[in-house]
Structures are given as structure tokens and as C-alpha cells.
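Everything below belongs to upload-v5.cif, which stores mmCIF, C-alpha atoms.
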data_upload
loop_
_atom_site.label_atom_id
_atom_site.label_comp_id
_atom_site.auth_asym_id
_atom_site.auth_seq_id
_atom_site.Cartn_x
_atom_site.Cartn_y
_atom_site.Cartn_z
CA MET A 1 90.89 76.52 106.56
CA LEU A 2 93.45 78.41 104.49
CA GLN A 3 96.92 78.43 106.06
CA ILE A 4 98.87 81.71 105.74
CA ILE A 5 102.66 81.56 105.47
CA THR A 6 105.08 84.47 105.18
CA ASP A 7 108.74 85.23 105.86
CA SER A 8 110.31 87.23 108.66
CA ALA A 9 110.82 90.29 106.45
CA ALA A 10 107.12 91.09 107.02
CA ASP A 11 108.02 92.50 110.48
CA LEU A 12 104.69 91.50 111.99
CA PRO A 13 104.26 91.97 115.75
CA PRO A 14 104.07 88.69 117.74
CA GLU A 15 100.49 89.41 118.82
CA VAL A 16 99.37 89.70 115.18
CA ILE A 17 101.14 86.47 114.25
CA GLU A 18 99.40 84.72 117.13
CA ARG A 19 96.01 86.35 116.51
CA TYR A 20 95.82 85.17 112.90
CA LYS A 21 97.86 81.96 113.32
CA ILE A 22 100.39 83.06 110.71
CA HIS A 23 103.35 80.78 110.00
CA VAL A 24 106.67 82.64 109.59
CA VAL A 25 109.78 81.30 107.84
CA PRO A 26 112.88 83.18 109.07
CA LEU A 27 115.60 84.64 106.88
CA THR A 28 119.21 84.44 108.03
CA VAL A 29 121.31 87.39 109.23
CA HIS A 30 125.12 87.32 109.04
CA ILE A 31 127.07 89.57 111.44
CA ASP A 32 130.86 89.45 111.87
CA GLY A 33 131.08 85.81 110.85
CA GLU A 34 128.10 84.64 112.91
CA GLU A 35 124.72 83.49 111.57
CA TYR A 36 121.34 84.07 113.22
CA LEU A 37 117.76 83.23 112.27
CA ASP A 38 115.82 86.49 112.02
CA ARG A 39 113.60 87.04 115.10
CA VAL A 40 114.25 83.46 116.24
CA GLU A 41 117.86 83.59 117.38
CA LEU A 42 118.16 87.38 117.18
CA SER A 43 115.63 89.97 118.31
CA ALA A 44 115.37 93.43 116.77
CA GLU A 45 116.88 95.04 119.88
CA GLU A 46 119.83 92.62 119.91
CA PHE A 47 120.40 93.20 116.23
CA TYR A 48 120.49 97.00 116.64
CA ARG A 49 123.24 96.62 119.25
CA LYS A 50 125.24 94.22 117.11
CA MET A 51 124.81 96.33 113.96
CA ALA A 52 126.12 99.42 115.76
CA GLY A 53 129.32 97.56 116.70
CA ALA A 54 129.72 95.48 113.53
CA LYS A 55 132.97 95.84 111.59
CA VAL A 56 131.17 95.55 108.25
CA LEU A 57 127.54 95.88 107.17
CA PRO A 58 125.55 92.80 108.21
CA LYS A 59 124.20 90.65 105.38
CA THR A 60 120.99 88.71 104.97
CA SER A 61 120.14 85.57 103.04
CA GLN A 62 116.85 83.99 102.02
CA PRO A 63 115.55 80.85 103.75
CA PRO A 64 116.65 77.57 102.18
CA ALA A 65 114.07 75.69 100.11
CA ALA A 66 114.08 73.02 102.81
CA ALA A 67 112.59 75.50 105.31
CA PHE A 68 109.61 76.14 103.04
CA ILE A 69 109.25 72.46 102.17
CA LYS A 70 109.13 71.58 105.86
CA ILE A 71 106.32 74.04 106.61
CA PHE A 72 104.41 73.17 103.40
CA GLN A 73 104.48 69.49 104.38
CA ALA A 74 103.43 70.23 107.96
CA LEU A 75 100.42 72.29 106.86
CA ALA A 76 99.31 70.51 103.67
CA SER A 77 96.69 68.40 105.46
CA LYS A 78 95.10 71.44 107.17
CA GLY A 79 93.79 73.23 104.10
CA GLU A 80 94.92 75.40 101.18
CA LEU A 81 98.32 77.08 101.53
CA LEU A 82 99.06 80.73 100.71
CA CYS A 83 102.65 81.93 101.05
CA ILE A 84 103.13 85.71 100.86
CA SER A 85 106.79 86.57 100.33
CA MET A 86 108.85 89.73 100.37
CA SER A 87 109.44 91.40 96.99
CA SER A 88 111.20 89.27 94.41
CA LYS A 89 113.15 92.43 93.46
CA LEU A 90 114.65 92.68 96.94
CA SER A 91 115.36 89.04 97.75
CA GLY A 92 115.38 85.52 96.30
CA THR A 93 112.85 84.42 98.93
CA PHE A 94 109.94 84.37 96.46
CA GLN A 95 111.89 82.22 94.01
CA THR A 96 112.95 79.86 96.81
CA ALA A 97 109.35 79.41 97.95
CA CYS A 98 108.35 78.64 94.35
CA LEU A 99 111.18 76.11 94.13
CA ALA A 100 110.02 74.50 97.39
CA LYS A 101 106.52 74.19 95.94
CA GLU A 102 107.93 72.40 92.89
CA MET A 103 110.23 70.13 94.88
CA SER A 104 107.56 69.15 97.41
CA GLY A 105 104.77 68.67 94.89
CA ILE A 106 102.45 70.46 97.29
CA ASN A 107 99.90 72.79 95.72
CA ALA A 108 100.79 75.98 97.60
CA THR A 109 100.08 79.43 96.17
CA VAL A 110 103.13 81.72 96.35
CA PHE A 111 102.34 85.44 96.15
CA ASP A 112 104.92 88.19 95.53
CA SER A 113 104.03 91.07 97.85
CA TRP A 114 106.14 93.60 95.88
CA ALA A 115 107.08 94.84 99.34
CA ALA A 116 108.84 94.16 102.61
CA SER A 117 108.44 95.08 106.28
CA LEU A 118 104.91 96.07 107.28
CA ALA A 119 103.92 96.83 103.68
CA GLN A 120 104.24 93.08 103.22
CA GLY A 121 102.73 92.56 106.66
CA LEU A 122 99.56 94.50 105.81
CA GLN A 123 99.00 92.13 102.89
CA VAL A 124 99.45 89.14 105.18
CA ILE A 125 96.90 90.61 107.61
CA LYS A 126 94.39 91.28 104.82
CA ALA A 127 94.75 87.72 103.54
CA ALA A 128 94.29 86.33 107.05
CA MET A 129 91.17 88.44 107.63
CA LEU A 130 89.68 87.21 104.36
CA ALA A 131 90.59 83.63 105.25
CA GLU A 132 88.69 84.02 108.52
CA LYS A 133 85.60 84.79 106.47
CA GLY A 134 86.02 81.45 104.74
CA LEU A 135 87.08 82.74 101.33
CA PRO A 136 89.01 80.27 99.15
CA CYS A 137 92.59 81.03 98.13
CA SER A 138 91.68 81.99 94.56
CA GLU A 139 89.21 84.62 95.75
CA ILE A 140 91.67 85.98 98.31
CA ILE A 141 94.30 86.40 95.58
CA SER A 142 91.75 88.25 93.41
CA LYS A 143 91.26 90.75 96.26
CA LEU A 144 94.87 90.82 97.46
CA THR A 145 96.33 91.67 94.04
CA PRO A 146 94.63 95.08 93.60
CA PHE A 147 95.29 95.82 97.30
CA ARG A 148 99.02 95.23 96.66
CA ASN A 149 99.01 97.17 93.40
CA LYS A 150 97.43 100.26 94.99
CA MET A 151 99.60 100.21 98.11
CA THR A 152 101.71 103.28 98.84
CA ILE A 153 105.13 102.71 100.44
CA LEU A 154 107.20 105.65 101.70
CA ILE A 155 110.72 105.08 103.03
CA LEU A 156 112.58 107.76 104.99
CA LEU A 157 116.15 106.91 105.92
CA ASP A 158 118.29 108.75 108.46
CA THR A 159 121.39 107.47 106.69
CA LEU A 160 121.82 106.04 103.19
CA GLU A 161 125.04 104.23 104.06
CA ASN A 162 123.39 100.87 104.73
CA ILE A 163 121.09 100.82 101.72
CA VAL A 164 123.92 101.83 99.37
CA LYS A 165 126.33 99.24 100.79
CA GLY A 166 123.57 96.66 100.53
CA GLY A 167 123.16 97.38 96.83
CA ARG A 168 119.55 98.62 97.07
CA LEU A 169 120.47 102.19 96.02
CA SER A 170 123.26 103.49 93.79
CA LYS A 171 126.43 105.02 95.25
CA PHE A 172 125.77 108.15 93.19
CA GLN A 173 122.34 108.71 94.75
CA GLY A 174 123.74 108.10 98.23
CA SER A 175 126.71 110.43 97.74
CA LEU A 176 124.52 113.17 96.33
CA ALA A 177 122.22 113.11 99.36
CA LYS A 178 125.16 113.25 101.77
CA LEU A 179 126.88 116.04 99.87
CA LEU A 180 123.81 118.27 99.86
CA ASN A 181 122.84 117.35 103.45
CA ILE A 182 119.35 116.38 102.39
CA LYS A 183 116.91 113.73 103.53
CA VAL A 184 115.84 111.33 100.83
CA LEU A 185 112.34 109.95 100.61
CA LEU A 186 112.16 106.67 98.70
CA THR A 187 109.16 104.71 97.53
CA GLY A 188 108.31 101.21 96.39
CA VAL A 189 107.33 100.72 92.75
CA GLU A 190 106.28 97.18 91.81
CA GLY A 191 108.68 95.77 94.36
CA ALA A 192 111.69 97.97 93.60
CA VAL A 193 113.01 100.89 95.68
CA VAL A 194 113.29 104.21 93.83
CA MET A 195 113.92 107.86 94.67
CA LEU A 196 110.77 109.93 95.24
CA GLU A 197 111.57 113.27 96.87
CA ARG A 198 114.38 115.24 98.47
CA ALA A 199 113.86 117.42 101.53
CA HIS A 200 116.15 119.69 103.52
CA GLY A 201 115.92 118.30 107.04
CA ARG A 202 113.79 115.73 108.78
CA LYS A 203 110.97 118.14 109.63
CA LYS A 204 110.37 118.96 105.96
CA ALA A 205 110.60 115.27 105.11
CA PHE A 206 107.79 114.56 107.60
CA GLN A 207 105.73 117.38 106.09
CA LYS A 208 106.22 115.87 102.64
CA ILE A 209 105.09 112.43 103.88
CA VAL A 210 101.90 113.90 105.36
CA GLU A 211 101.27 115.84 102.11
CA ILE A 212 101.68 112.71 99.97
CA ILE A 213 99.24 110.84 102.20
CA GLY A 214 96.80 113.72 101.78
CA ASP A 215 97.12 113.51 97.99
CA LYS A 216 96.38 109.78 98.11
CA VAL A 217 93.38 110.34 100.36
CA ARG A 218 91.93 112.79 97.83
CA GLU A 219 92.58 110.36 94.98
CA ALA A 220 90.95 107.38 96.68
CA LYS A 221 88.14 107.96 99.16
CA GLU A 222 88.53 104.51 100.70
CA ILE A 223 92.04 105.25 102.03
CA PRO A 224 90.91 106.59 105.45
CA ALA A 225 89.13 103.29 106.07
CA ARG A 226 92.37 101.36 105.52
CA MET A 227 95.00 100.34 108.02
CA PHE A 228 98.30 102.24 107.95
CA SER A 229 101.62 100.89 109.18
CA ILE A 230 104.88 102.42 110.34
CA SER A 231 107.96 100.29 110.87
CA HIS A 232 111.05 101.82 112.44
CA CYS A 233 114.67 101.01 113.11
CA ASN A 234 115.23 101.96 116.75
CA ASN A 235 113.19 105.13 116.26
CA ILE A 236 109.91 104.82 118.12
CA LYS A 237 109.81 108.57 118.82
CA ASP A 238 109.49 109.56 115.16
CA ALA A 239 107.15 106.64 114.47
CA GLU A 240 104.76 107.83 117.20
CA PHE A 241 105.04 111.42 115.95
CA LEU A 242 104.03 110.37 112.43
CA LYS A 243 101.22 108.21 113.78
CA LYS A 244 99.82 111.23 115.63
CA GLN A 245 100.02 113.39 112.49
CA ILE A 246 98.36 110.76 110.29
CA THR A 247 95.63 109.98 112.85
CA GLU A 248 94.72 113.62 113.44
CA LYS A 249 94.61 114.57 109.76
CA TYR A 250 93.21 111.48 108.04
CA ARG A 251 91.48 109.28 110.63
CA PRO A 252 92.55 105.85 109.34
CA CYS A 253 90.95 102.81 110.96
CA ASP A 254 94.29 101.95 112.59
CA VAL A 255 98.02 102.74 112.47
CA LEU A 256 100.13 99.67 113.24
CA ILE A 257 103.65 100.38 114.56
CA ASN A 258 106.42 97.83 114.92
CA GLU A 259 110.19 97.81 114.89
CA MET A 260 111.99 96.50 111.84
CA GLY A 261 113.55 93.11 112.24
CA PRO A 262 117.17 92.36 111.26
CA THR A 263 116.36 91.61 107.61
CA ILE A 264 114.97 95.05 106.80
CA ALA A 265 116.92 97.07 109.40
CA THR A 266 120.15 95.88 107.77
CA TYR A 267 119.34 98.08 104.77
CA ALA A 268 117.29 100.82 106.42
CA GLY A 269 119.90 101.66 109.04
CA LYS A 270 119.39 103.35 112.40
CA GLY A 271 116.48 105.79 112.45
CA GLY A 272 114.89 104.47 109.26
CA LEU A 273 111.10 104.59 108.83
CA ILE A 274 108.74 102.85 106.40
CA ILE A 275 105.16 104.11 106.10
CA SER A 276 102.70 101.93 104.20
CA PHE A 277 98.98 102.05 103.45
#
This structure in C-alpha cells:
Amino acid sequence: MLQIITDSAADLPPEVIERYKIHVVPLTVHIDGEEYLDRVELSAEEFYRKMAGAKVLPKTSQPPAAAFIKIFQALASKGELLCISMSSKLSGTFQTACLAKEMSGINATVFDSWAASLAQGLQVIKAAMLAEKGLPCSEIISKLTPFRNKMTILILLDTLENIVKGGRLSKFQGSLAKLLNIKVLLTGVEGAVVMLERAHGRKKAFQKIVEIIGDKVREAKEIPARMFSISHCNNIKDAEFLKKQITEKYRPCDVLINEMGPTIATYAGKGGLIISF
């Protein structure tokens, strides 16, 4: 049977990882001179506490090639291998997994999710569900690619300080938002993070998110049948509020909520939300 591998940036809940037997390679988080393996040596809750008291913005680094080689070698005899990585425009993880494939000589398929957090996680879940049906890797990729390409990713940040310091957004864009006291709604475009909308206040930002979802629903009738996801950085209250709004208005098959792990929360900052479908 096909073996699904991903990295810890996917922010999948433990029960989902266990349910689909997904293999997760952790990234590394650096805080005040200490190193931790994401979700292995440092939970999301522990990271939030450490981030709040950190002298400088925590940093993250991709897994070493050896970590991928180890898991490729361990799984090679069990079936085809599919490794779904976070966006190559956000991290070197995809390139490292490709390097590990070359170095090991193992015929693993490495797929760039063009995403991170649960937007990446939804792709992992889709691949795992297709694998359960017995589909070969090539056929799964043929279905996963359009799913990825059509995915909508909306990012609402309470503060832009982290994402600017982390180099994922320009200082000019961050300063402008702070100066005007506006909330910035970002989106993912082929793996990159770009500005989408500006809203005065969080309430209007939520309204804009619900409107955008409505536009997508009208464009593609299959959207309500899809799974939605909301990942949050220590902000379950707003995540549940959005879930209620989405469920009442659009009746998706499910809305998966999980907290962001250290890798993504480092850039999202406290209160950040990522909505994907």
C-alpha cells in the first residue's frame, strides 16, 4: 500500500495522523539559542509560551536530508512512497526531500503542496483517502494536482510583526497596515503569500472571509462537498466562530480545526488564522 509522508508544517491533528498512518518528518525550531523538533520536543502550547517570552523572533529550519532518507529507507519495502511537502516558496523542505530521494536512490514521489499548515494537511488527507481506495501513486498525483491548484487559502493575522521579521512579507506592507490600523487578509498563490484585502477591524475581516468563501461556492458547485480547515495560533475562540459562520452558510462536509505548530506559528504570530478549502 502507498505510504504517505509529510512534514510537521502540515499541522495535522494526532488523531488524523494515526487514522491514516501518516509519517511526519519534523522541522526544527530555534528559540533563544535552543533547538527543538517541531511537535516532537515542543508542543504548540509550549511554543506559544516560549514565543511570548522570547528575546528575538524564533526561527525554523527544514529537516536534514538524513531525516528523509531514514524514513524513505524504513518504508521502501512497504509500497510506493509519496512525500507531500510544504511550499517550496516558503521553505527548503521540498528541495531537501528531493535531495534525499536522489541520495538514497529510492523511488519516492515528492509533491510540492504550494501550501503550509492545514492547507497542506488537507492535501495529505486527500492523498491518504485515495490510497485507502487502492489507487496507485501516479493516479493520486493526477487527482491531487488539480485539488492543490484550485485550493483557496486565506490568512488573517492579528499582528504582522512576525511575518515581516520572518521575511515572508515586506516591511513596507507591514508598516502600512500598522499605520492605518487595519487588518490584512493574505492569500496563497502558487505557494507564495501575497496581499489580498484590507479591512478596518477584525469583524469586517471576518465578513470579508465569509464573502470570499461565498464567491468561491458560486464559482464551483462542488465546494460545499469539500472539507474546510481552520488553523489558529492560540485563538480557538475565533476559529470556532468562523467554523460556525462557514457551517451555517455553506454546509461543507466538515470543518477541521487545529492549532498551528511551531513552524507556522512562528510567522503567523499570536491570534493568526489560516482558512483553507
(request) One decimal, Å: what's the distance from CA of Ile275 in chain A over to CA of Leu81 in chain A, could you say? (result) 28.3 Å
(message) Is it possible to get the residues within 8 Å of (114.2, 112.5, 96.2) (coordinates as in the file, counting only C-alpha atoms) written as a PyMOL selection string?
(response) chain A and resi 183-186+195-199
Just-selected residues, C-alpha atoms written as a compact mmCIF listing (two decimals), in the coordinates of the input:
# COMPACT_ATOMS: atom_id res chain seq x y z
CA LYS A 183 116.91 113.73 103.53
CA VAL A 184 115.84 111.33 100.83
CA LEU A 185 112.34 109.95 100.61
CA LEU A 186 112.16 106.67 98.70
CA MET A 195 113.92 107.86 94.67
CA LEU A 196 110.77 109.93 95.24
CA GLU A 197 111.57 113.27 96.87
CA ARG A 198 114.38 115.24 98.47
CA ALA A 199 113.86 117.42 101.53
Go through the shown structure with the PyMOL selection byres ((chain A and resi 40-48) around 10) and write out the matching residues as a tab-separated table (two decimals) with C-alpha atoms, keeping the file's coordinate frame.
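Listed below is the output, part24.tsv:
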chain	number	residue	atom	x	y	z
A	8	SER	CA	110.31	87.23	108.66
A	11	ASP	CA	108.02	92.50	110.48
A	25	VAL	CA	109.78	81.30	107.84
A	26	PRO	CA	112.88	83.18	109.07
A	27	LEU	CA	115.60	84.64	106.88
A	28	THR	CA	119.21	84.44	108.03
A	29	VAL	CA	121.31	87.39	109.23
A	31	ILE	CA	127.07	89.57	111.44
A	35	GLU	CA	124.72	83.49	111.57
A	36	TYR	CA	121.34	84.07	113.22
A	37	LEU	CA	117.76	83.23	112.27
A	38	ASP	CA	115.82	86.49	112.02
A	39	ARG	CA	113.60	87.04	115.10
A	49	ARG	CA	123.24	96.62	119.25
A	50	LYS	CA	125.24	94.22	117.11
A	51	MET	CA	124.81	96.33	113.96
A	52	ALA	CA	126.12	99.42	115.76
A	53	GLY	CA	129.32	97.56	116.70
A	54	ALA	CA	129.72	95.48	113.53
A	58	PRO	CA	125.55	92.80	108.21
A	233	CYS	CA	114.67	101.01	113.11
A	234	ASN	CA	115.23	101.96	116.75
A	259	GLU	CA	110.19	97.81	114.89
A	260	MET	CA	111.99	96.50	111.84
A	261	GLY	CA	113.55	93.11	112.24
A	262	PRO	CA	117.17	92.36	111.26
A	263	THR	CA	116.36	91.61	107.61
A	265	ALA	CA	116.92	97.07	109.40
A	266	THR	CA	120.15	95.88	107.77
A	269	GLY	CA	119.90	101.66	109.04
A	270	LYS	CA	119.39	103.35	112.40
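When only C-alpha atoms are used to compute distances to Val16 in chain A, the closest of the residues A:Lys126, A:His30, A:Lys78, A:Lys216 turns out to be A:Lys126.
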(message) Restricting the calculation to only C-alpha atoms: of A:Gly79, A:Pro136, A:Pro63, A:Gly191, which residue gets closest to Ser113 in chain A?
(response) A:Gly191
(message) From the options A:Ile212, A:Leu82, A:Val110, A:Ile230, which residue's atoms come nearest to Met1 in chain A, counting all atoms listed in the file?
(response)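 Going through A:Ile212, A:Leu82, A:Val110, A:Ile230 one by one, the smallest distance to Met1 in chain A is for A:Leu82.
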I'd like to see the residues matched by the PyMOL selection byres ((chain A and resi 272) around 7) on this file, and ideally I'd get them as a CSV table (one decimal) with C-alpha atoms, in the coordinates of the input.
chain,number,residue,atom,x,y,z
A,156,LEU,CA,112.6,107.8,105.0
A,157,LEU,CA,116.2,106.9,105.9
A,158,ASP,CA,118.3,108.8,108.5
A,232,HIS,CA,111.0,101.8,112.4
A,233,CYS,CA,114.7,101.0,113.1
A,268,ALA,CA,117.3,100.8,106.4
A,269,GLY,CA,119.9,101.7,109.0
A,270,LYS,CA,119.4,103.4,112.4
A,271,GLY,CA,116.5,105.8,112.4
A,273,LEU,CA,111.1,104.6,108.8
A,274,ILE,CA,108.7,102.8,106.4
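Of the residues under consideration (A:Lys59, A:Lys203, A:Lys143, A:Lys89), A:Lys59 shows the shortest atom-to-atom contact distance to Ile264 in chain A when counting all atoms listed in the file.
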(request) Tell me which residues the PyMOL selection byres ((chain A and resi 69) around 8) grabs here, as a list of chain:residue names. (result)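 When the PyMOL selection byres ((chain A and resi 69) around 8) is applied, the selected residues are A:Ala65, A:Ala66, A:Ala67, A:Phe68, A:Lys70, A:Ile71, A:Phe72, A:Gln73, A:Ala100, A:Lys101, A:Met103, A:Ser104.
Reported to one decimal place, the separation of CA of Leu90 in chain A from CA of Cys253 in chain A is 29.3 Å.
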(message) Calculated over all atoms listed in the file, which of the candidates A:Lys133, A:Lys244, A:Arg19, A:Lys55 has the smallest distance to Leu2 in chain A?
(response) A:Lys133
(request) Enter the distance from CA of Lys249 in chain A to CA of Ile213 in chain A, in Å, rounded to one decimal. (result)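 Interatomic distance, CA of Lys249 in chain A to CA of Ile213 in chain A: 9.6 Å.
Closest approach to Ala116 in chain A among A:Ile141, A:Ala10, A:Ile209, A:Cys98: A:Ala10, based on all atoms listed in the file.
The neighbours of Ile4 in chain A here are the residues that come within 9 Å of it, using all atoms listed in the file and leaving out any residue fewer than 4 positions away in the same chain; they are Tyr20, Lys21, Ile22, His23, Val24, Glu80, Leu81, Leu82, Cys83, Ile84, Val124, Ala127, Ala128 and Ala131 of chain A.
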Residue completion, range 59-91 of chain A, N, CA and C atoms, as a compact mmCIF listing (two decimals), in the coordinates of the input:
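After the write, out.txt holds the following:
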# COMPACT_ATOMS: atom_id res chain seq x y z
N LYS A 59 124.82 91.13 106.61
CA LYS A 59 124.20 90.65 105.38
C LYS A 59 123.02 89.75 105.72
N THR A 60 122.13 89.61 104.77
CA THR A 60 120.99 88.71 104.97
C THR A 60 120.94 87.70 103.83
N SER A 61 120.33 86.57 104.09
CA SER A 61 120.14 85.57 103.04
C SER A 61 118.76 84.94 103.18
N GLN A 62 118.19 84.56 102.04
CA GLN A 62 116.85 83.99 102.02
C GLN A 62 116.82 82.63 102.71
N PRO A 63 115.66 82.19 103.15
CA PRO A 63 115.55 80.85 103.75
C PRO A 63 115.89 79.79 102.71
N PRO A 64 116.43 78.67 103.12
CA PRO A 64 116.65 77.57 102.18
C PRO A 64 115.32 76.96 101.76
N ALA A 65 115.30 76.32 100.59
CA ALA A 65 114.07 75.69 100.11
C ALA A 65 113.55 74.69 101.12
N ALA A 66 114.48 74.04 101.83
CA ALA A 66 114.08 73.02 102.81
C ALA A 66 113.19 73.60 103.91
N ALA A 67 113.40 74.88 104.26
CA ALA A 67 112.59 75.50 105.31
C ALA A 67 111.15 75.66 104.85
N PHE A 68 110.96 76.03 103.58
CA PHE A 68 109.61 76.14 103.04
C PHE A 68 108.98 74.76 102.85
N ILE A 69 109.77 73.81 102.36
CA ILE A 69 109.25 72.46 102.17
C ILE A 69 108.74 71.89 103.49
N LYS A 70 109.50 72.10 104.54
CA LYS A 70 109.13 71.58 105.86
C LYS A 70 107.77 72.14 106.31
N ILE A 71 107.58 73.44 106.14
CA ILE A 71 106.32 74.04 106.61
C ILE A 71 105.18 73.70 105.66
N PHE A 72 105.45 73.58 104.35
CA PHE A 72 104.41 73.17 103.40
C PHE A 72 103.91 71.77 103.76
N GLN A 73 104.85 70.87 104.05
CA GLN A 73 104.48 69.49 104.38
C GLN A 73 103.71 69.41 105.69
N ALA A 74 104.09 70.25 106.65
CA ALA A 74 103.43 70.23 107.96
C ALA A 74 102.00 70.75 107.88
N LEU A 75 101.72 71.63 106.92
CA LEU A 75 100.42 72.29 106.86
C LEU A 75 99.51 71.76 105.75
N ALA A 76 100.05 70.94 104.86
CA ALA A 76 99.31 70.51 103.67
C ALA A 76 97.98 69.83 104.00
N SER A 77 97.92 69.13 105.12
CA SER A 77 96.69 68.40 105.46
C SER A 77 95.64 69.29 106.14
N LYS A 78 96.00 70.55 106.42
CA LYS A 78 95.10 71.44 107.17
C LYS A 78 94.27 72.36 106.30
N GLY A 79 94.54 72.37 105.00
CA GLY A 79 93.79 73.23 104.10
C GLY A 79 94.67 73.79 103.01
N GLU A 80 94.14 74.75 102.25
CA GLU A 80 94.92 75.40 101.18
C GLU A 80 96.07 76.19 101.81
N LEU A 81 97.16 76.35 101.04
CA LEU A 81 98.32 77.08 101.53
C LEU A 81 98.54 78.33 100.70
N LEU A 82 98.72 79.47 101.37
CA LEU A 82 99.06 80.73 100.71
C LEU A 82 100.32 81.28 101.35
N CYS A 83 101.36 81.41 100.55
CA CYS A 83 102.65 81.93 101.05
C CYS A 83 102.87 83.30 100.45
N ILE A 84 102.94 84.32 101.30
CA ILE A 84 103.13 85.71 100.86
C ILE A 84 104.56 86.12 101.18
N SER A 85 105.36 86.32 100.13
CA SER A 85 106.79 86.57 100.33
C SER A 85 107.14 88.04 100.16
N MET A 86 108.34 88.40 100.64
CA MET A 86 108.85 89.73 100.37
C MET A 86 109.12 89.88 98.88
N SER A 87 109.30 91.11 98.41
CA SER A 87 109.44 91.40 96.99
C SER A 87 110.54 90.57 96.33
N SER A 88 110.21 90.03 95.17
CA SER A 88 111.20 89.27 94.41
C SER A 88 112.31 90.17 93.86
N LYS A 89 112.10 91.50 93.91
CA LYS A 89 113.15 92.43 93.46
C LYS A 89 114.09 92.82 94.59
N LEU A 90 113.80 92.37 95.79
CA LEU A 90 114.65 92.68 96.94
C LEU A 90 115.36 91.45 97.49
N SER A 91 114.83 90.27 97.17
CA SER A 91 115.36 89.04 97.75
C SER A 91 114.98 87.86 96.86
